[in-house]
Structures are given as structure tokens and as C-alpha cells.
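Below is run_23.txt, holding compact mmCIF, C-alpha atoms and all ligand atoms.
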```txt
# COMPACT_ATOMS: atom_id res chain seq x y z
CA MET S 1 27.78 37.85 -14.61
CA ILE S 2 24.08 38.57 -14.97
CA ARG S 3 24.00 36.86 -18.37
CA THR S 4 25.56 33.72 -16.87
CA ALA S 5 23.06 33.66 -14.00
CA ALA S 6 20.16 34.16 -16.41
CA ALA S 7 21.45 31.28 -18.53
CA PHE S 8 21.56 29.03 -15.44
CA ALA S 9 18.06 30.16 -14.51
CA LEU S 10 16.85 29.03 -17.93
CA VAL S 11 18.62 25.70 -17.53
CA GLY S 12 17.00 25.31 -14.09
CA THR S 13 13.56 26.03 -15.56
CA ALA S 14 14.10 23.55 -18.38
CA VAL S 15 14.99 20.77 -15.90
CA VAL S 16 11.81 21.46 -13.89
CA ALA S 17 9.51 21.02 -16.92
CA PRO S 18 8.13 17.44 -17.19
CA PRO S 19 9.89 15.36 -19.83
CA ALA S 20 7.68 14.51 -22.82
CA ASP S 21 7.63 10.77 -22.06
CA GLU S 22 6.35 11.42 -18.51
CA ALA S 23 3.55 13.64 -19.83
CA SER S 24 2.39 10.82 -22.14
CA ALA S 25 2.17 8.49 -19.09
CA LEU S 26 -0.93 10.44 -17.99
CA ALA S 27 -3.00 8.70 -20.65
CA GLU S 28 -6.34 7.20 -19.51
CA GLY S 29 -6.89 3.48 -19.17
CA PRO S 30 -6.09 0.59 -16.87
CA CYS S 31 -2.46 -0.29 -16.35
CA GLN S 32 -1.41 -3.90 -15.98
CA VAL S 33 0.20 -5.16 -12.82
CA THR S 34 3.48 -6.96 -13.52
CA SER S 35 3.41 -8.67 -10.12
CA TRP S 36 2.23 -8.01 -6.60
CA SER S 37 2.90 -9.39 -3.17
CA MET S 38 1.39 -8.99 0.24
CA THR S 39 2.75 -10.14 3.59
CA TRP S 40 0.40 -10.27 6.53
CA GLY S 41 0.35 -11.96 9.92
CA PHE S 42 -3.48 -12.11 9.77
CA LYS S 43 -3.90 -11.76 13.55
CA GLU S 44 -1.05 -12.63 15.85
CA SER S 45 -3.31 -13.46 18.84
CA PHE S 46 -5.39 -15.81 16.68
CA ARG S 47 -2.32 -17.64 15.42
CA ALA S 48 -1.06 -17.97 19.00
CA TYR S 49 -4.47 -19.24 20.18
CA LEU S 50 -4.92 -21.67 17.33
CA SER S 51 -1.42 -23.17 17.49
CA GLY S 52 -1.43 -23.24 21.31
CA ALA S 53 -2.68 -25.81 23.83
CA ILE S 54 -6.31 -24.62 23.88
CA ALA S 55 -7.18 -25.13 20.24
CA GLY S 56 -4.35 -27.53 19.32
CA GLY S 57 -4.74 -26.46 15.72
CA GLU S 58 -2.87 -25.36 12.64
CA TRP S 59 -3.33 -23.69 9.29
CA GLU S 60 -2.84 -24.84 5.73
CA VAL S 61 -2.08 -22.65 2.75
CA ALA S 62 -2.62 -23.35 -0.93
CA GLY S 63 -2.10 -21.78 -4.35
CA ASP S 64 -0.62 -18.26 -4.37
CA VAL S 65 -0.66 -18.16 -0.56
CA GLY S 66 2.39 -19.19 1.46
CA TYR S 67 3.34 -19.06 5.12
CA SER S 68 6.68 -18.42 6.71
CA THR S 69 6.59 -17.66 10.45
CA PRO S 70 5.14 -15.24 11.36
CA VAL S 71 3.49 -14.08 8.14
CA PHE S 72 1.31 -15.29 5.32
CA SER S 73 2.42 -14.16 1.89
CA ILE S 74 0.38 -13.81 -1.27
CA GLU S 75 2.17 -13.51 -4.61
CA SER S 76 0.48 -13.09 -7.96
CA HIS S 77 0.73 -11.44 -11.37
CA ALA S 78 -2.93 -10.63 -11.87
CA GLY S 79 -4.43 -7.19 -11.46
CA ASP S 80 -4.69 -3.71 -12.85
CA PHE S 81 -4.30 -0.12 -11.73
CA SER S 82 -5.99 3.06 -12.92
CA ALA S 83 -3.70 5.45 -14.80
CA ASP S 84 -3.96 8.01 -11.98
CA GLY S 85 -2.66 5.39 -9.50
CA LYS S 86 -5.68 5.79 -7.20
CA THR S 87 -7.70 2.61 -7.76
CA ALA S 88 -6.65 -0.97 -8.35
CA GLN S 89 -7.73 -4.56 -8.14
CA LEU S 90 -5.19 -7.24 -7.31
CA ILE S 91 -6.24 -10.83 -7.80
CA ALA S 92 -4.80 -14.10 -6.55
CA GLU S 93 -5.76 -17.73 -6.19
CA GLY S 94 -5.37 -20.00 -3.20
CA SER S 95 -6.49 -20.15 0.38
CA ILE S 96 -5.78 -20.19 4.09
CA ARG S 97 -7.57 -22.86 6.09
CA PHE S 98 -7.64 -22.61 9.89
CA VAL S 99 -8.32 -25.86 11.73
CA GLY S 100 -8.51 -26.50 15.48
CA HIS S 101 -10.42 -28.04 18.37
CA GLU S 102 -10.29 -31.36 16.52
CA GLY S 103 -12.23 -30.00 13.60
CA LEU S 104 -14.80 -27.96 15.53
CA LEU S 105 -12.97 -24.90 14.26
CA ASP S 106 -12.58 -25.16 10.48
CA GLN S 107 -12.65 -21.92 8.48
CA THR S 108 -11.30 -21.32 4.98
CA LEU S 109 -10.56 -17.94 3.43
CA SER S 110 -9.97 -18.31 -0.30
CA ALA S 111 -9.47 -16.35 -3.54
CA PRO S 112 -7.62 -13.43 -1.94
CA ARG S 113 -8.07 -10.09 -3.63
CA VAL S 114 -7.10 -6.53 -2.75
CA LEU S 115 -9.20 -3.60 -3.91
CA ILE S 116 -7.48 -0.23 -3.58
CA ASP S 117 -9.62 2.88 -3.58
CA ASP S 118 -7.50 5.95 -2.88
CA ASP S 119 -6.48 5.80 0.82
CA VAL S 120 -8.27 2.56 1.65
CA ALA S 121 -7.60 -1.00 0.53
CA SER S 122 -10.03 -3.87 1.16
CA VAL S 123 -8.71 -7.39 1.48
CA VAL S 124 -11.45 -9.61 0.06
CA PHE S 125 -11.96 -13.37 0.48
CA ASP S 126 -14.54 -16.03 -0.14
CA ILE S 127 -15.18 -17.42 3.36
CA ALA S 128 -16.55 -20.83 4.37
CA GLY S 129 -16.87 -22.55 7.74
CA ASP S 130 -18.93 -22.24 10.91
CA THR S 131 -18.25 -19.39 13.30
CA GLN S 132 -17.55 -19.90 17.00
CA GLU S 133 -21.19 -18.96 17.59
CA GLY S 134 -22.23 -21.88 15.36
CA VAL S 135 -23.40 -19.82 12.39
CA ALA S 136 -22.81 -21.66 9.10
CA VAL S 137 -20.98 -19.40 6.62
CA ASN S 138 -20.45 -19.77 2.90
CA SER S 139 -20.02 -16.21 1.60
CA ASP S 140 -18.23 -15.03 -1.52
CA ASP S 141 -16.60 -11.61 -1.97
CA VAL S 142 -16.40 -10.72 1.71
CA SER S 143 -14.55 -7.46 2.21
CA PHE S 144 -12.71 -8.86 5.24
CA VAL S 145 -10.38 -6.16 6.52
CA SER S 146 -10.08 -2.52 5.65
CA VAL S 147 -6.49 -1.27 5.34
CA ASP S 148 -5.35 2.33 5.69
CA VAL S 149 -3.00 2.85 2.73
CA SER S 150 -2.73 6.64 3.00
CA GLU S 151 1.06 6.25 3.52
CA ALA S 152 1.52 4.35 0.25
CA SER S 153 4.08 5.62 -2.25
CA LEU S 154 4.26 5.34 -6.01
CA ARG S 155 7.80 5.59 -7.38
CA ALA S 156 9.56 4.05 -10.36
CA ASP S 157 6.53 1.96 -11.36
CA THR S 158 6.23 0.50 -7.85
CA TRP S 159 3.29 1.15 -5.57
CA SER S 160 4.00 0.09 -2.01
CA VAL S 161 2.95 0.44 1.58
CA SER S 162 4.49 -0.98 4.76
CA ALA S 163 2.89 -1.81 8.07
CA ALA S 164 -0.47 -0.40 6.97
CA PRO S 165 -3.04 -0.67 9.79
CA ALA S 166 -5.90 -3.12 9.18
CA VAL S 167 -9.26 -3.47 10.94
CA LEU S 168 -12.02 -6.06 10.62
CA THR S 169 -15.04 -4.84 8.63
CA PRO S 170 -18.67 -5.51 9.68
CA GLU S 171 -18.90 -8.02 6.79
CA GLY S 172 -15.69 -9.69 7.97
CA ALA S 173 -16.94 -9.87 11.57
CA GLU S 174 -20.15 -11.54 10.42
CA ALA S 175 -18.36 -14.13 8.30
CA PHE S 176 -15.49 -14.97 10.69
CA GLY S 177 -17.27 -14.62 14.04
CA THR S 178 -15.77 -14.03 17.51
CA TYR S 179 -14.17 -10.64 16.78
CA PRO S 180 -16.24 -7.44 16.54
CA ALA S 181 -16.10 -5.07 13.57
CA GLY S 182 -13.27 -2.59 14.06
CA GLU S 183 -11.02 -5.21 15.75
CA ALA S 184 -7.37 -4.56 14.87
CA PHE S 185 -5.81 -7.25 12.69
CA ASP S 186 -2.09 -7.36 11.88
CA PRO S 187 -0.64 -4.60 9.70
CA VAL S 188 -0.21 -5.23 5.98
CA ASP S 189 2.82 -4.89 3.69
CA LEU S 190 1.82 -4.62 0.04
CA THR S 191 4.02 -4.09 -3.02
CA VAL S 192 2.77 -3.78 -6.60
CA LEU S 193 5.07 -3.67 -9.63
CA LEU S 194 3.38 -1.90 -12.54
CA GLU S 195 3.59 -1.91 -16.32
CA PRO S 196 6.45 0.57 -16.98
CA GLY S 197 5.41 4.16 -17.68
CA CYS S 198 1.65 3.60 -17.49
CA VAL S 199 0.68 4.96 -14.08
CA GLU S 200 1.21 8.64 -13.32
CA GLN S 201 4.30 8.89 -11.08
CA GLY S 202 4.93 11.18 -8.10
CA PRO S 203 7.86 13.61 -8.18
CA SER S 204 11.11 11.72 -8.80
CA GLY S 205 14.60 12.52 -7.55
CA SER S 206 15.55 14.35 -10.75
CA TRP S 207 12.47 16.53 -10.45
CA PHE S 208 13.45 17.56 -6.93
CA LEU S 209 17.02 18.16 -8.10
CA GLY S 210 15.75 20.33 -10.94
CA LEU S 211 13.41 22.20 -8.65
CA GLY S 212 16.22 22.81 -6.14
CA LEU S 213 18.65 23.95 -8.83
CA GLY S 214 16.05 26.23 -10.41
CA SER S 215 15.20 27.82 -7.05
CA ALA S 216 18.85 28.32 -6.09
CA VAL S 217 19.63 30.00 -9.41
CA THR S 218 16.56 32.25 -9.16
CA VAL S 219 17.57 33.40 -5.66
CA GLY S 220 21.16 33.96 -6.82
CA LEU S 221 19.96 36.03 -9.75
CA ALA S 222 17.74 38.15 -7.48
CA ILE S 223 20.68 38.88 -5.13
CA VAL S 224 22.95 39.91 -8.02
CA LEU S 225 20.27 42.23 -9.46
CA ALA S 226 19.57 43.79 -6.02
CA ARG S 227 23.29 44.49 -5.48
CA LYS S 228 23.66 46.06 -8.94
CA TRP S 229 20.58 48.20 -8.34
CA ARG S 230 21.88 49.47 -4.96
CA ALA S 231 25.39 50.12 -6.35
CA ARG S 232 23.93 52.45 -9.03
CA GLY S 233 23.05 55.14 -6.39
CA ARG S 234 26.42 55.09 -4.57
CA PRO S 235 29.29 57.45 -5.58
CA THR S 236 32.35 55.67 -7.02
CA PRO S 237 35.63 56.05 -5.01
CA GLY S 238 36.95 58.57 -7.56
CA GLU S 239 33.91 60.84 -7.22
CA SER S 240 34.18 61.50 -3.38
C1 LIG S 301 -14.21 -26.76 21.96
C2 LIG S 301 -14.66 -25.55 21.72
C3 LIG S 301 -13.87 -24.30 22.05
C4 LIG S 301 -13.24 -23.97 23.21
C5 LIG S 301 -13.12 -24.77 24.48
C6 LIG S 301 -12.66 -22.66 23.00
C7 LIG S 301 -11.94 -21.96 23.92
C8 LIG S 301 -11.41 -20.71 23.73
C9 LIG S 301 -10.69 -19.96 24.72
C10 LIG S 301 -10.37 -20.42 26.13
C11 LIG S 301 -10.32 -18.83 24.17
C12 LIG S 301 -9.50 -17.69 24.82
C13 LIG S 301 -8.07 -17.86 24.41
C14 LIG S 301 -7.15 -16.81 25.02
O1 LIG S 301 -7.60 -15.71 25.39
O2 LIG S 301 -5.94 -17.08 25.12
C15 LIG S 301 -10.81 -18.81 22.82
C16 LIG S 301 -10.60 -17.80 21.94
C17 LIG S 301 -11.01 -17.82 20.64
N1 LIG S 301 -11.72 -18.82 20.02
FE1 LIG S 301 -12.26 -20.56 20.85
N2 LIG S 301 -12.92 -22.25 21.74
C18 LIG S 301 -13.68 -23.21 21.13
C19 LIG S 301 -14.15 -23.22 19.85
C20 LIG S 301 -13.92 -22.23 18.96
C21 LIG S 301 -14.45 -22.24 17.62
C22 LIG S 301 -15.32 -23.35 17.02
C23 LIG S 301 -13.99 -21.10 17.02
C24 LIG S 301 -14.18 -20.58 15.64
C25 LIG S 301 -14.89 -21.22 14.72
C26 LIG S 301 -13.19 -20.38 17.99
C27 LIG S 301 -12.58 -19.21 17.77
C28 LIG S 301 -11.91 -18.47 18.72
C29 LIG S 301 -11.29 -17.20 18.48
C30 LIG S 301 -11.25 -16.45 17.15
C31 LIG S 301 -10.72 -16.78 19.68
C32 LIG S 301 -9.94 -15.49 19.94
C33 LIG S 301 -8.44 -15.73 19.85
C34 LIG S 301 -7.65 -14.46 20.16
O3 LIG S 301 -7.47 -13.65 19.24
O4 LIG S 301 -7.20 -14.29 21.30
N3 LIG S 301 -13.18 -21.10 19.14
N4 LIG S 301 -11.45 -19.97 22.60
```
Rewrite the coordinates I just gave you, this time as C-alpha cells.
Amino acid sequence: MIRTAAAFALVGTAVVAPPADEASALAEGPCQVTSWSMTWGFKESFRAYLSGAIAGGEWEVAGDVGYSTPVFSIESHAGDFSADGKTAQLIAEGSIRFVGHEGLLDQTLSAPRVLIDDDVASVVFDIAGDTQEGVAVNSDDVSFVSVDVSEASLRADTWSVSAAPAVLTPEGAEAFGTYPAGEAFDPVDLTVLLEPGCVEQGPSGSWFLGLGLGSAVTVGLAIVLARKWRARGRPTPGES
């Protein structure tokens, strides 16, 4: 009985050890993005204002940017991730142009990019068009909103986050006008498919299974040994 339990314990331990191919995935170097997509409402109140009676406006999308009520979508294949899965740059082409008040409001956000740095992602645009305050803007590489991606997961070569909170940065506030820095924009959904096996993965299902099996067998073995040890001191029925 003890031999069998010990054998299981060894099997459990073997399952817990990282497979050789996963260990090699820890190699240094940037990992290519296979594709990425982001869906984002931008700011619901702004869309309502712009498309409503006051501004009588609309928006146009181009390139890798699409729109399907109520969200903009960006889809691209360009970008790379660090091997530890902590930093990334995601690159796309295209633009969103907001137009209203018979042309008085005319702002274009183009060349969307996402820079991930651990728990924070910046959505970056080149921005052109006058603000509501009448300030002429033509600024490249504006880190527009800052997104909290601390809830992101990395599993099976997919990095993703859903409904990640986004706030306007000071740079974004300066370039877009009207809203102050820190203003809440709509939450962001972001999914990145990665070059297989390149980025270090979190624990997978089989790891948890192995860990669970290993723990259960270890506990079982301890109980069996404790019972045997206690039984040694007791008299056998024939002795009393
Ligand atoms: C004819 C000139 C304009 C008029 C009469 C006007 C009027 C208004 C009004 C009444 C609101 C409040 C809407 C609400 O709370 O429902 C508003 C909001 C706003 N306006 Fe204008 N506006 C003008 C021009 C502009 C321009 C030129 C810009 C930008 C370049 C702009 C950007 C905004 C923004 C971002 C908001 C906030 C929308 C929100 O999130 O609720 N407006 N405007």
C-alpha cells in the first residue's frame, strides 16, 4: 500500500514539473503578434452628443478602424510582445474623424497604437483638429487614454482583457479639449494572439491538475504513514 502511494506521489511530482518545451519558451527576445483587436466605445456621452440634435454630427472611420454601434473596433496584425509578457506595442493604421456643428467640430484621431507596460496600457493617436476652446492641434504620438490592464490574462498564446477602465491623460486632455485629465472614457476590450510558444505562459489547466493530484497523493501518503506509525504501539488482538 505504501509503495503504491509513493509511486503515485512520484507521478504527481513529475506532472507538476514544467515540460521541457514550456521551459524553452522563457527565451529572451520580442515575440511577434499574430493579430490583435480592440473594441472601444470611445466615450458614450460624446457619441450621444455628437450624433444628437445639438451637434448634428457623425464620425467616419478608415483603415484598420471600424464602427458597429456602439463600439469602434481596431484590427491589425502588427506588433510585438516581450518574452515575459509584460510589455508590448500594438500598431494599426487608420483613423476616427469626428465632425459636427457644421464643421466647427472636426477632430481626427489617427494611427492607433497600444503600448502595454505591465498593468497599464496607453492608447496612442496622432491628433489633429481644433479643440472646443479654439486651440489648433496637430500632435503626433499623443498618449490619449490610460487603461488599467491589471486584470489581463495570458493563456494559450492569447493575451486579453475585458472592460478595462480607461481615463483621459493630461496629454489627451490638451489635444482633445473639453474634458479634463482623469475623465472616464469607455472601458476597453483588447485581445492579442501571439506567436505560439514565445511568450511565457501563466499556469495552464494541466499544471493545476498536476498540482492538485500531487497534493492529494502527498496528503494520502502522510495519512497512511501516520496510521501505520500509531498502529505499531498498539497490542494486536491476540496479545490482550
Ligand atoms: C456651435 C458651437 C457649439 C455649441 C453651440 C456647443 C454646444 C454644446 C452643448 C450644449 C453641450 C452640452 C451637451 C450635453 O450636455 O448634452 C456641448 C458639449 C460638448 N461639446 Fe460642444 N458646442 C459647440 C462646439 C463644440 C466644438 C467646436 C467642440 C469640439 C471641438 C465641442 C465639443 C464638445 C464636447 C466634447 C462636449 C461634451 C459632450 C459630453 O460628453 O457630454 N463643442 N456642446
* **segment 65-82 of chain S surroundings by all atoms listed in the file, 6 Å radius, close-in-sequence under 2 positions cut, as a PyMOL selection string** => chain S and resi 30-41+61-63+84-85+87-92+94
Under the rule of at most 10 Å, produce a per-residue listing of chain S near ligand LIG 301 (chain S): chain, number, name, the closest pair of atoms, and the distance in Å, as CSV, using only C-alpha atoms and all ligand atoms.
```
residue,atom,partner,partner_atom,distance
S:Lys43,CA,S:LIG301,O3,7.0
S:Glu44,CA,S:LIG301,O3,7.3
S:Ser45,CA,S:LIG301,O3,4.2
S:Phe46,CA,S:LIG301,O3,3.9
S:Arg47,CA,S:LIG301,O3,7.6
S:Ala48,CA,S:LIG301,O4,7.5
S:Tyr49,CA,S:LIG301,C33,5.3
S:Leu50,CA,S:LIG301,C33,7.4
S:Gly52,CA,S:LIG301,O2,8.5
S:Ala53,CA,S:LIG301,O2,9.4
S:Ile54,CA,S:LIG301,C7,6.2
S:Ala55,CA,S:LIG301,N2,6.6
S:Phe98,CA,S:LIG301,C25,8.8
S:Val99,CA,S:LIG301,C25,8.6
S:Gly100,CA,S:LIG301,C21,7.6
S:His101,CA,S:LIG301,C1,5.4
S:Glu102,CA,S:LIG301,C1,8.1
S:Gly103,CA,S:LIG301,C22,8.1
S:Leu104,CA,S:LIG301,C22,4.9
S:Leu105,CA,S:LIG301,C22,3.9
S:Asp106,CA,S:LIG301,C25,6.2
S:Gln107,CA,S:LIG301,C25,6.7
S:Gly129,CA,S:LIG301,C25,7.4
S:Asp130,CA,S:LIG301,C25,5.6
S:Thr131,CA,S:LIG301,C25,4.1
S:Gln132,CA,S:LIG301,C24,3.7
S:Glu133,CA,S:LIG301,C25,7.3
S:Gly134,CA,S:LIG301,C22,7.3
S:Val135,CA,S:LIG301,C25,8.9
S:Ala136,CA,S:LIG301,C25,9.7
S:Phe176,CA,S:LIG301,C25,7.5
S:Gly177,CA,S:LIG301,C24,6.9
S:Thr178,CA,S:LIG301,C30,5.1
S:Tyr179,CA,S:LIG301,C30,6.5
S:Glu183,CA,S:LIG301,O3,9.8
S:Phe185,CA,S:LIG301,O3,9.3
```
Atom pair atom CA of Asp126 of chain S + atom CA of Ala173 of chain S, distance 13.4 Å
All residues 7 Å or closer to Asp148 of chain S, only C-alpha atoms, same chain fewer than 6 positions away omitted, as a ChimeraX atom specification
/S:119-121,164-166
Exercise. Find the spatial neighbours of Val161 of chain S, counting all atoms listed in the file, within a cut-off of 7 Å - ignore same-chain residues fewer than 4 positions away - and output them as a PyMOL selection string.
Key: chain S and resi 149+151-153+189-191
- request: Grab the atom CA of Gln201 of chain S to atom CA of Val114 of chain S distance for me, in Å with one decimal place.
  value: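 Separation between atom CA of Gln201 of chain S and atom CA of Val114 of chain S: 20.9 Å.
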Minimum-distance residue to Val137 of chain S, chosen among S:Leu154, S:Ala83, S:Ala175, S:Ile116 (using only C-alpha atoms):
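The closest residue to Val137 of chain S is S:Ala175.
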Taken to one decimal, the atom CA of Glu60 of chain S-atom CA of Val145 of chain S distance is 20.2 Å
Check your understanding: Within 7 Å of Ser110 of chain S, counting all atoms listed in the file, which residues qualify if same-chain residues fewer than 2 places away don't, as a list in words?
Key -> Gly94, Ser95, Ile96, Thr108, Pro112, Phe125, Asp126 and Ile127 of chain S
Check: Restricting the calculation to all atoms listed in the file, which member of S:Ala156, S:Asp140, S:Arg97, S:Lys86 is positioned closest to Asp118 of chain S?
Finding: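 Counting all atoms listed in the file, the residue closest to Asp118 of chain S is S:Lys86.
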With all atoms listed in the file counted, which protein, DNA or RNA residues have an atom no more than 7 Å from (2.6, 4.9, -14.7) in the file frame? Please answer as a PyMOL selection string. chain S and resi 25+83+157+196-201
Minimum-distance residue to Thr158 of chain S, chosen among S:Ala128, S:Val188, S:Leu193, S:Ala181 (using all atoms listed in the file):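 Smallest distance to Thr158 of chain S is found for S:Leu193.
Each of S:Leu109, S:Leu115, S:Val123, S:Leu194 was checked against Leu168 of chain S using only C-alpha atoms; the smallest atom-to-atom distance is that of S:Val123.
Proximity of S:Thr169, S:Ser122, S:Val147, S:Trp159 to Glu195 of chain S, computed with only C-alpha atoms, is greatest for S:Trp159.
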Self-check item: Contacts of Glu171 of chain S within 7 Å, only C-alpha atoms, excl. fewer than 4 positions in-chain, as a ChimeraX atom specification
Solution: /S:142-144,175
Selection to disk with C-alpha atoms, as a short mmCIF file (atom, residue, chain, number, x, y, z; two decimals), in the coordinates of the input:
```cif
data_model
loop_
_atom_site.label_atom_id
_atom_site.label_comp_id
_atom_site.auth_asym_id
_atom_site.auth_seq_id
_atom_site.Cartn_x
_atom_site.Cartn_y
_atom_site.Cartn_z
CA VAL S 142 -16.40 -10.72 1.71
CA SER S 143 -14.55 -7.46 2.21
CA PHE S 144 -12.71 -8.86 5.24
CA ALA S 175 -18.36 -14.13 8.30
#
```
